[in-house]
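The data block below is structure-v9.cif; it holds mmCIF, C-alpha atoms.
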data_work
loop_
_atom_site.label_atom_id
_atom_site.label_comp_id
_atom_site.auth_asym_id
_atom_site.auth_seq_id
_atom_site.Cartn_x
_atom_site.Cartn_y
_atom_site.Cartn_z
CA MET A 438 7.99 9.80 -27.21
CA GLU A 439 5.73 8.22 -29.78
CA LYS A 440 8.09 5.26 -29.82
CA TRP A 441 6.72 4.35 -26.39
CA PHE A 442 3.27 5.98 -26.24
CA THR A 443 0.21 6.20 -28.48
CA TYR A 444 -2.32 9.01 -28.31
CA ILE A 445 -5.76 7.38 -28.05
CA ASP A 446 -8.99 9.23 -27.20
CA GLY A 447 -7.15 12.12 -25.59
CA VAL A 448 -4.81 9.95 -23.54
CA TRP A 449 -1.19 8.90 -24.07
CA GLN A 450 -1.09 5.14 -23.52
CA PHE A 451 2.12 3.20 -22.93
CA ASN A 452 2.60 0.75 -25.79
CA PHE A 453 4.17 -2.13 -23.92
CA GLY A 454 1.99 -3.23 -21.02
CA THR A 455 2.99 -3.77 -17.41
CA GLU A 456 6.09 -5.93 -17.66
CA ALA A 457 8.24 -4.14 -20.24
CA TYR A 458 10.87 -2.84 -17.86
CA LEU A 459 13.49 -1.96 -20.49
CA ALA A 460 11.04 0.10 -22.51
CA SER A 461 9.86 1.79 -19.33
CA HIS A 462 13.47 2.70 -18.47
CA GLU A 463 14.16 4.00 -21.97
CA ALA A 464 11.03 6.14 -22.05
CA ALA A 465 11.75 7.65 -18.63
CA GLU A 466 15.36 8.40 -19.61
CA GLN A 467 14.07 10.47 -22.52
CA CYS A 468 11.36 12.25 -20.51
CA SER A 469 11.96 15.64 -18.93
CA PHE A 470 8.85 15.31 -16.73
CA PHE A 471 9.84 12.13 -14.87
CA LEU A 472 9.22 12.48 -11.15
CA GLU A 473 9.42 9.51 -8.81
CA ASP A 474 6.20 8.45 -7.11
CA ASP A 475 5.93 7.66 -3.42
CA GLU A 476 8.38 4.85 -2.68
CA ASP A 477 5.56 2.51 -1.64
CA GLU A 478 4.02 2.80 -5.09
CA GLN A 479 7.19 2.02 -7.00
CA VAL A 480 7.33 -1.36 -8.73
CA ASP A 481 10.70 -1.25 -10.47
CA ASP A 482 14.12 -1.49 -8.80
CA HIS A 483 15.47 0.81 -11.49
CA LEU A 484 14.34 4.18 -10.16
CA ARG A 485 14.07 6.12 -13.42
CA SER A 486 11.27 4.10 -14.94
CA CYS A 487 7.84 5.18 -16.12
CA TYR A 488 6.50 2.41 -13.88
CA ASN A 489 7.77 4.42 -10.89
CA CYS A 490 6.62 7.80 -12.12
CA LEU A 491 4.24 10.06 -10.25
CA TYR A 492 2.40 10.84 -13.49
CA ARG A 493 1.51 7.28 -14.51
CA ARG A 494 -1.99 6.00 -13.94
CA TRP A 495 -2.35 2.26 -14.08
CA ARG A 496 -4.84 0.58 -16.35
CA PRO A 497 -5.58 -3.16 -16.36
CA GLU A 498 -3.22 -3.71 -19.28
CA GLY A 499 -0.72 -0.90 -18.81
CA PHE A 500 -0.72 2.76 -17.85
CA ASP A 501 -1.51 6.24 -19.13
CA CYS A 502 0.88 9.16 -18.82
CA TYR A 503 -0.92 12.02 -17.12
CA LYS A 504 1.84 14.54 -17.69
CA LYS A 505 1.70 14.01 -21.39
CA ARG A 506 -2.08 14.02 -21.16
CA ARG A 507 -2.01 17.53 -19.73
CA ILE A 508 0.27 18.67 -22.50
CA GLY A 509 -1.82 16.99 -25.18
CA LYS A 510 -0.63 15.83 -28.55
CA THR A 511 2.25 17.90 -29.88
CA MET B 1199 -7.22 -2.17 26.09
CA LYS B 1200 -9.04 -2.67 22.82
CA SER B 1201 -7.72 -3.53 19.41
CA TRP B 1202 -8.87 -1.48 16.43
CA LEU B 1203 -8.35 -2.05 12.74
CA ILE B 1204 -8.35 1.21 10.80
CA CYS B 1205 -8.24 1.69 7.05
CA ILE B 1206 -8.29 4.74 4.78
CA ASP B 1207 -8.57 5.08 1.04
CA ASP B 1208 -8.76 7.65 -1.72
CA THR B 1209 -7.15 10.57 0.08
CA ASP B 1210 -4.69 11.71 -2.57
CA ASP B 1211 -4.33 13.15 -6.04
CA ILE B 1212 -1.41 13.15 -8.44
CA GLY B 1213 1.31 15.28 -6.87
CA THR B 1214 -0.16 15.43 -3.35
CA LYS B 1215 0.74 13.62 -0.15
CA GLY B 1216 0.08 9.88 -0.58
CA THR B 1217 -2.50 7.84 1.32
CA GLY B 1218 0.29 5.81 2.92
CA GLU B 1219 1.92 8.91 4.35
CA ILE B 1220 -1.41 10.15 5.70
CA ALA B 1221 -2.03 6.75 7.31
CA GLN B 1222 1.41 6.83 8.91
CA GLU B 1223 0.73 10.31 10.26
CA ILE B 1224 -2.57 9.15 11.76
CA VAL B 1225 -0.67 6.32 13.47
CA SER B 1226 1.73 8.87 14.96
CA LEU B 1227 -1.13 11.05 16.21
CA LEU B 1228 -2.90 8.08 17.79
CA VAL B 1229 0.30 6.91 19.46
CA LEU B 1230 0.80 10.42 20.86
CA GLU B 1231 -2.73 10.32 22.28
CA HIS B 1232 -2.11 6.90 23.82
CA GLN B 1233 1.19 8.08 25.31
CA LYS B 1234 -0.55 10.79 27.29
CA THR B 1235 -1.16 8.08 29.87
CA GLU B 1236 0.88 5.03 28.86
CA GLU B 1237 3.90 3.93 26.82
CA TYR B 1238 3.23 2.51 23.37
CA ASN B 1239 5.61 -0.16 22.10
CA ASP B 1240 3.77 -1.77 19.19
CA PRO B 1241 5.41 -0.95 15.81
CA CYS B 1242 1.90 -0.47 14.35
CA LEU B 1243 2.89 -1.27 10.78
CA VAL B 1244 0.79 0.09 7.94
CA THR B 1245 -0.09 -2.30 5.12
CA ARG B 1246 -0.88 -1.35 1.55
CA HIS B 1247 -3.61 -3.34 -0.19
CA GLN B 1248 -3.98 -3.29 -3.96
CA LEU B 1249 -7.56 -3.05 -5.22
CA PHE B 1250 -9.09 -3.57 -8.64
CA VAL B 1251 -7.76 -1.43 -11.48
CA HIS B 1252 -10.62 -0.83 -13.86
CA PRO B 1253 -11.86 2.09 -16.01
CA ASP B 1254 -15.13 2.27 -14.03
CA ILE B 1255 -13.29 2.97 -10.78
CA PRO B 1256 -12.30 6.62 -10.22
CA TYR B 1257 -8.95 5.97 -8.50
CA THR B 1258 -6.10 8.46 -8.71
CA SER B 1259 -3.23 6.40 -10.07
CA HIS B 1260 -2.99 2.97 -8.44
CA ASN B 1261 -6.09 2.25 -6.30
CA SER B 1262 -4.68 1.03 -3.03
CA ALA B 1263 -5.93 1.23 0.56
CA MET B 1264 -3.83 1.62 3.73
CA CYS B 1265 -4.58 -0.27 6.92
CA PHE B 1266 -3.19 -0.63 10.44
CA ARG B 1267 -4.05 -2.23 13.77
CA PHE B 1268 -3.96 -0.07 16.87
CA GLU B 1269 -4.22 -1.46 20.38
CA THR B 1270 -5.12 1.16 22.93
CA HIS B 1271 -7.15 2.34 25.88
CA VAL B 1272 -8.05 5.50 23.91
CA ASP B 1273 -11.82 5.52 23.34
CA PHE B 1274 -13.54 5.19 19.99
CA ALA B 1275 -14.77 8.79 19.82
CA THR B 1276 -11.25 10.15 20.28
CA ILE B 1277 -9.77 7.71 17.78
CA LYS B 1278 -12.33 8.70 15.19
CA GLN B 1279 -11.91 12.40 15.88
CA ILE B 1280 -8.15 12.11 15.30
CA CYS B 1281 -8.60 10.12 12.09
CA VAL B 1282 -11.25 12.41 10.64
CA GLY B 1283 -9.44 15.58 11.65
CA HIS B 1284 -6.30 14.45 9.88
CA LEU B 1285 -8.15 13.24 6.80
CA LEU B 1286 -9.91 16.60 6.50
CA SER B 1287 -6.72 18.59 6.88
CA GLU B 1288 -4.41 16.43 4.73
CA SER B 1289 -6.50 14.86 1.97
CA ALA B 1290 -6.20 16.32 -1.51
CA GLU B 1291 -8.92 18.70 -2.65
CA ALA B 1292 -9.91 16.35 -5.46
CA ALA B 1293 -9.90 13.25 -3.24
CA ASP B 1294 -12.89 11.17 -2.10
CA PRO B 1295 -11.68 9.94 1.30
CA GLY B 1296 -13.16 7.00 3.14
CA LEU B 1297 -12.48 5.76 6.67
CA ALA B 1298 -13.31 2.38 8.17
CA ILE B 1299 -12.85 1.53 11.85
CA LEU B 1300 -13.40 -1.99 13.18
CA ASP B 1301 -13.54 -2.89 16.85
CA MET B 1302 -11.66 -6.18 16.72
CA THR B 1303 -13.14 -7.29 20.03
CA SER B 1304 -16.68 -7.09 18.64
CA VAL B 1305 -18.54 -10.05 17.22
CA TYR B 1306 -18.65 -9.78 13.44
CA ASP B 1307 -18.70 -12.01 10.39
CA ILE B 1308 -15.03 -12.01 9.50
CA ASN B 1309 -15.61 -14.21 6.46
CA ALA B 1310 -18.04 -11.72 4.95
CA LEU B 1311 -15.55 -8.92 5.45
CA ILE B 1312 -12.70 -10.92 3.92
CA ALA B 1313 -14.90 -11.90 0.99
CA PHE B 1314 -15.72 -8.24 0.34
CA GLY B 1315 -12.03 -7.36 0.36
CA GLN B 1316 -11.09 -10.15 -2.00
CA SER B 1317 -13.96 -9.27 -4.30
CA ALA B 1318 -12.77 -5.64 -4.41
CA LYS B 1319 -9.52 -6.87 -5.94
CA GLU B 1320 -11.26 -8.29 -8.99
CA ALA B 1321 -14.64 -6.59 -9.37
CA VAL B 1322 -16.20 -3.13 -9.27
CA LYS B 1323 -17.96 -2.60 -5.94
CA THR B 1324 -20.42 0.14 -5.06
CA LYS B 1325 -20.72 2.50 -2.13
CA ARG B 1326 -24.11 1.00 -1.39
CA GLN B 1327 -22.62 -2.48 -1.09
CA ALA B 1328 -19.94 -1.15 1.23
CA TYR B 1329 -22.37 0.71 3.49
CA GLU B 1330 -24.76 -2.24 3.65
CA LEU B 1331 -22.02 -4.63 4.71
CA ALA B 1332 -20.57 -2.14 7.20
CA ALA B 1333 -24.01 -1.70 8.79
CA GLU B 1334 -24.49 -5.46 8.95
CA LEU B 1335 -21.11 -5.97 10.63
CA ALA B 1336 -21.33 -2.88 12.88
CA ILE B 1337 -18.22 -1.37 11.31
CA ASP B 1338 -17.88 2.40 11.47
CA LEU B 1339 -17.64 3.47 7.81
CA THR B 1340 -17.66 7.14 6.90
CA GLU B 1341 -16.80 9.42 3.99
CA HIS B 1342 -15.01 12.74 4.32
CA GLY B 1343 -15.21 14.72 1.12
CA GLY B 1344 -15.75 14.50 -2.63
CA THR B 1345 -17.86 11.59 -3.75
CA GLY B 1346 -16.86 9.52 -0.74
CA GLN B 1347 -15.95 6.60 -3.02
CA GLY B 1348 -13.06 5.86 -0.69
CA VAL B 1349 -15.43 4.02 1.66
CA ILE B 1350 -15.28 1.04 -0.71
CA GLY B 1351 -11.53 0.69 -0.51
CA ALA B 1352 -11.48 1.47 3.21
CA LEU B 1353 -13.86 -1.41 3.97
CA ALA B 1354 -12.11 -3.71 1.50
CA GLY B 1355 -8.76 -2.93 3.10
CA LEU B 1356 -10.03 -4.16 6.47
CA GLY B 1357 -11.07 -7.44 4.90
CA LEU B 1358 -7.80 -7.90 3.07
CA ARG B 1359 -5.75 -7.22 6.18
CA LEU B 1360 -7.89 -9.68 8.14
CA SER B 1361 -7.32 -12.32 5.46
CA GLY B 1362 -3.70 -12.35 6.55
CA GLN B 1363 -2.64 -12.97 2.97
CA ASP B 1364 -2.49 -9.58 1.34
CA GLY B 1365 -0.45 -6.43 1.22
CA ARG B 1366 2.97 -4.88 1.33
CA VAL B 1367 4.21 -3.13 4.43
CA LYS B 1368 4.61 0.61 4.01
CA GLY B 1369 8.16 1.91 4.17
CA GLN B 1370 11.52 0.21 4.12
CA LEU B 1371 13.25 -1.95 6.68
CA GLU B 1372 16.40 -0.55 8.20
CA PHE B 1373 19.26 -2.64 9.56
CA GLU B 1374 22.33 -1.55 11.44
CA ASP B 1375 25.38 -1.37 9.13
CA TYR B 1376 23.19 -1.60 6.05
CA GLY B 1377 22.81 2.10 5.31
CA ASP B 1378 20.90 3.21 2.24
CA GLY B 1379 21.16 -0.10 0.41
CA SER B 1380 23.97 0.94 -1.90
CA SER B 1381 26.02 -2.02 -0.67
CA GLU B 1382 25.03 -5.59 0.21
CA LEU B 1383 24.77 -7.21 3.63
CA GLU B 1384 24.37 -10.88 4.49
CA LEU B 1385 22.41 -11.76 7.63
CA SER B 1386 20.92 -14.90 9.12
CA VAL B 1387 17.14 -15.15 9.45
CA ALA B 1388 17.61 -14.96 13.23
CA ASP B 1389 19.51 -11.68 12.82
CA ILE B 1390 16.85 -10.25 10.54
CA LEU B 1391 14.07 -11.05 13.00
CA SER B 1392 15.97 -9.75 16.02
CA MET B 1393 16.90 -6.50 14.25
CA SER B 1394 13.41 -5.72 12.95
CA SER B 1395 9.75 -5.95 13.87
CA LEU B 1396 9.24 -8.80 11.40
CA GLN B 1397 7.86 -12.18 12.39
CA ALA B 1398 9.19 -14.39 9.59
CA VAL B 1399 11.28 -14.65 6.46
CA LEU B 1400 9.26 -16.26 3.67
CA SER B 1401 10.26 -17.59 0.29
CA ASP B 1402 8.20 -16.53 -2.70
CA SER B 1403 6.66 -20.00 -2.68
CA GLY B 1404 5.45 -19.47 0.88
CA ASP B 1405 7.98 -21.54 2.83
CA VAL B 1406 9.13 -20.21 6.20
CA LEU B 1407 12.93 -20.06 6.29
CA SER B 1408 14.68 -21.56 9.32
CA MET B 1409 16.60 -19.34 11.72
CA ASP B 1410 20.04 -20.37 10.49
CA GLU B 1411 19.44 -19.72 6.79
CA ARG B 1412 21.24 -16.70 5.37
CA VAL B 1413 19.83 -13.88 3.28
CA LEU B 1414 21.73 -11.39 1.15
CA LEU B 1415 20.15 -7.95 1.47
CA SER B 1416 20.53 -5.46 -1.36
CA GLY B 1417 18.72 -2.35 -2.51
CA LYS B 1418 15.55 -1.32 -0.70
CA VAL B 1419 14.33 -3.94 1.76
CA LYS B 1420 10.57 -4.16 2.06
CA ALA B 1421 8.19 -6.49 3.85
CA VAL B 1422 4.88 -8.12 3.02
CA TYR B 1423 1.91 -9.36 5.06
CA ARG B 1424 1.46 -13.09 4.53
CA GLN B 1425 0.30 -16.03 6.65
CA HIS B 1426 -0.87 -13.42 9.22
CA MET B 1427 2.74 -12.33 9.68
CA PHE B 1428 4.85 -9.33 8.78
CA ALA B 1429 7.51 -11.02 6.71
CA LEU B 1430 10.55 -10.41 4.61
CA LEU B 1431 9.96 -11.97 1.21
CA VAL B 1432 13.00 -13.62 -0.35
CA THR B 1433 13.75 -15.24 -3.67
CA GLN B 1434 16.48 -17.63 -4.75
CA ARG B 1435 19.67 -15.80 -5.66
CA GLY B 1436 22.38 -18.18 -6.87
CA ASN B 1437 22.73 -20.85 -4.20
CA GLY B 1438 21.20 -18.68 -1.49
CA TRP B 1439 18.43 -16.21 -0.76
CA GLY B 1440 18.06 -12.51 -1.45
CA ASN B 1441 15.35 -9.98 -0.56
CA ALA B 1442 12.67 -9.77 -3.24
CA SER B 1443 12.90 -7.13 -5.93
CA LYS B 1444 10.22 -4.49 -6.39
CA GLN B 1445 9.18 -6.31 -9.53
CA THR B 1446 8.43 -9.39 -7.42
CA LEU B 1447 6.78 -7.40 -4.65
CA LYS B 1448 4.41 -5.80 -7.16
CA ALA B 1449 2.16 -8.86 -6.98
CA TYR B 1450 1.73 -8.56 -3.21
#
Go through the file and emit its structure as structure tokens.
Amino acid sequence: MEKWFTYIDGVWQFNFGTEAYLASHEAAEQCSFFLEDDEDEQVDDHLRSCYNCLYRRWRPEGFDCYKKRRIGKT
Amino acid sequence: MKSWLICIDDTDDIGTKGTGEIAQEIVSLLVLEHQKTEEYNDPCLVTRHQLFVHPDIPYTSHNSAMCFRFETHVDFATIKQICVGHLLSESAEAADPGLAILDMTSVYDINALIAFGQSAKEAVKTKRQAYELAAELAIDLTEHGGTGQGVIGALAGLGLRLSGQDGRVKGQLEFEDYGDGSSELELSVADILSMSSLQAVLSDSGDVLSMDERVLLSGKVKAVYRQHMFALLVTQRGNGWGNASKQTLKAY
């Protein structure tokens, strides 16, 4: 997962911002924790995308993965 | 009959029932109350309003408020009791719920309320600012657990809805013969309006499409609130129009 996320100050941050749909699809395809968020909060037509995931928390320039945050750095 | 604008914010946590779902449930409860004495035919659509995403704001995952207008003979005390009761029973334990109720027949400074909403999309606002404005405008603003930070978004959501230029409509539009969106369906604008509770079909540049223009529907079909109308947003697709993708709707 470190191809797509960087562990900074205890949080896994997505490396590619808010418009990198292909990277978001790839990361979600590889993630066993992906769970779709409420449909009204989804922002990507491709369902399996980190941008649609229940465990993402938006930041101004991207998002943090809260599932990975709970697991910590492995 | 009076018209009320009701907004809630900060009721959820990751993995719990979303604020939109709670708002929709409150609508259902209020409609049931109204129907004790009279039919209710308004679709009462819930709009989602995106607020500022900033490290200093303790939102759960996306920081959005949910708002709806409810026209009824049911009195204020009963409306509030239903809203608060449902917020208390359904909000997440870690949430900081806020509730704002505006009597739309009252005299209030609509521009001040809209300005607060627009400011809450690009700046960090405080509870104190929200309570001061609510008191000034005679808006009922209350918190129902946690830090009560949700009052900021609840008040801002009222302003954004009143601006007539903000928000996505909660849920998906359903059309006869369209099913789950796995296949495409072409309809005229007139068909779309007659088969839904929408008031217009708008292009992403803000133009109102004429009744005879045709739109190709595919995937999930969602509406926005623009120009004081519930509208289907469309984008150019080849030589015609298609419903906007989620990527496009993200900005609304």
Quick one: apply the PyMOL selection byres ((chain B and resi 1289) around 10) to the file and drop the selected residues here as a list in words.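 Taken on the displayed file, the PyMOL selection byres ((chain B and resi 1289) around 10) yields the residues Asp1208, Thr1209, Asp1210, Asp1211, Thr1214, Lys1215, Gly1216, Thr1217, Ile1220, His1284, Leu1285, Leu1286, Ser1287, Glu1288, Ala1290, Glu1291, Ala1292, Ala1293, Asp1294, Pro1295, His1342 and Gly1343 of chain B.
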Can you spit out the residues from that selection as a short mmCIF file (atom, residue, chain, number, x, y, z; two decimals), in the coordinates of the input, using C-alpha atoms?
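Dumped to out_8.cif:
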data_model
loop_
_atom_site.label_atom_id
_atom_site.label_comp_id
_atom_site.auth_asym_id
_atom_site.auth_seq_id
_atom_site.Cartn_x
_atom_site.Cartn_y
_atom_site.Cartn_z
CA ASP B 1208 -8.76 7.65 -1.72
CA THR B 1209 -7.15 10.57 0.08
CA ASP B 1210 -4.69 11.71 -2.57
CA ASP B 1211 -4.33 13.15 -6.04
CA THR B 1214 -0.16 15.43 -3.35
CA LYS B 1215 0.74 13.62 -0.15
CA GLY B 1216 0.08 9.88 -0.58
CA THR B 1217 -2.50 7.84 1.32
CA ILE B 1220 -1.41 10.15 5.70
CA HIS B 1284 -6.30 14.45 9.88
CA LEU B 1285 -8.15 13.24 6.80
CA LEU B 1286 -9.91 16.60 6.50
CA SER B 1287 -6.72 18.59 6.88
CA GLU B 1288 -4.41 16.43 4.73
CA ALA B 1290 -6.20 16.32 -1.51
CA GLU B 1291 -8.92 18.70 -2.65
CA ALA B 1292 -9.91 16.35 -5.46
CA ALA B 1293 -9.90 13.25 -3.24
CA ASP B 1294 -12.89 11.17 -2.10
CA PRO B 1295 -11.68 9.94 1.30
CA HIS B 1342 -15.01 12.74 4.32
CA GLY B 1343 -15.21 14.72 1.12
#
Evaluate the PyMOL selection byres ((chain B and resi 1221) around 12) here and jot the selected residues down as a ChimeraX atom specification. /B:1204-1210,1215-1220,1222-1228,1242-1246,1263-1268,1280-1282,1284-1285,1288-1289,1295-1297,1352,1368-1369
Can you write out as a Markdown table which residues of chain A fall within 12 Å of chain B, alongside each residue's closest atom pair and its distance in Å to one decimal, counting all atoms listed in the file and ordering rows by chain and ascending residue number?
| residue | atom | partner | partner_atom | distance |
| --- | --- | --- | --- | --- |
| A:Thr455 | CA | B:Gln1445 | CA | 10.3 |
| A:Glu456 | CA | B:Gln1445 | CA | 8.7 |
| A:Ala457 | CA | B:Gln1445 | CA | 11.0 |
| A:Tyr458 | CA | B:Gln1445 | CA | 9.2 |
| A:Leu472 | CA | B:Gly1213 | CA | 9.4 |
| A:Glu473 | CA | B:Gly1213 | CA | 10.1 |
| A:Asp474 | CA | B:Gly1213 | CA | 8.4 |
| A:Asp475 | CA | B:Gly1216 | CA | 6.9 |
| A:Glu476 | CA | B:Gly1369 | CA | 7.5 |
| A:Asp477 | CA | B:Lys1368 | CA | 6.0 |
| A:Glu478 | CA | B:His1260 | CA | 7.8 |
| A:Gln479 | CA | B:Lys1444 | CA | 7.2 |
| A:Val480 | CA | B:Lys1444 | CA | 4.9 |
| A:Asp481 | CA | B:Lys1444 | CA | 5.2 |
| A:Asp482 | CA | B:Lys1444 | CA | 5.5 |
| A:His483 | CA | B:Lys1444 | CA | 9.0 |
| A:Leu484 | CA | B:Lys1444 | CA | 10.3 |
| A:Ser486 | CA | B:Gln1445 | CA | 11.9 |
| A:Tyr488 | CA | B:Gln1445 | CA | 10.1 |
| A:Asn489 | CA | B:Lys1444 | CA | 10.3 |
| A:Cys490 | CA | B:Ser1259 | CA | 10.2 |
| A:Leu491 | CA | B:Ile1212 | CA | 6.7 |
| A:Tyr492 | CA | B:Ile1212 | CA | 6.7 |
| A:Arg493 | CA | B:Ser1259 | CA | 6.6 |
| A:Arg494 | CA | B:Ser1259 | CA | 4.1 |
| A:Trp495 | CA | B:His1260 | CA | 5.7 |
| A:Arg496 | CA | B:Val1251 | CA | 6.0 |
| A:Pro497 | CA | B:Val1251 | CA | 5.6 |
| A:Glu498 | CA | B:Val1251 | CA | 9.3 |
| A:Gly499 | CA | B:Val1251 | CA | 10.2 |
| A:Phe500 | CA | B:Ser1259 | CA | 8.9 |
| A:Asp501 | CA | B:Ser1259 | CA | 9.2 |
| A:Cys502 | CA | B:Ser1259 | CA | 10.1 |
| A:Tyr503 | CA | B:Ile1212 | CA | 8.8 |
| A:Lys504 | CA | B:Ile1212 | CA | 9.9 |
Calculate how many Å separate atom CA of Phe1428 of chain B from atom CA of Leu1396 of chain B, rounding to one decimal. 5.1 Å
Tell me, in Å to one decimal, how far atom CA of Glu1334 of chain B is from atom CA of Arg1359 of chain B.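 If I compute the distance from atom CA of Glu1334 of chain B to atom CA of Arg1359 of chain B, I get 19.0 Å.
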Just the number, please: distance in Å from atom CA of Gln1347 of chain B to atom CA of Leu1203 of chain B, one decimal.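 Taking atom CA of Gln1347 of chain B as the start and atom CA of Leu1203 of chain B as the end point, the length is 19.5 Å.
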With all atoms listed in the file as the atoms that count, which of A:Ala465, A:Met438, A:Phe471, A:Arg485 lies nearest to Gln450 of chain A? A:Met438
Using all atoms of segment 1234-1241 of chain B that appear in the file, construct an axis-aligned enclosing box with 3 Å of padding on every side and provide its centre coordinates and edge lengths in Å, rounded to one decimal, as AutoDock Vina command-line options.
--center_x 2.2 --center_y 4.5 --center_z 22.8 --size_x 12.8 --size_y 18.6 --size_z 20.1
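Minimum atom-to-atom distance to Asn1441 of chain B, evaluated using all atoms listed in the file, belongs to B:Leu1415 out of B:Val1349, B:Leu1415, B:Val1422, B:Ala1429.
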Looking at B:Ser1392, B:Ser1386, B:Gln1327, B:Gln1363, which one is nearest to Leu1414 of chain B, with distances taken over only C-alpha atoms? B:Ser1386
Any chance you could work out the residue set of the PyMOL selection byres ((chain B and resi 1322) around 10) here, as a PyMOL selection string? chain B and resi 1249-1255+1317-1321+1323-1324+1350
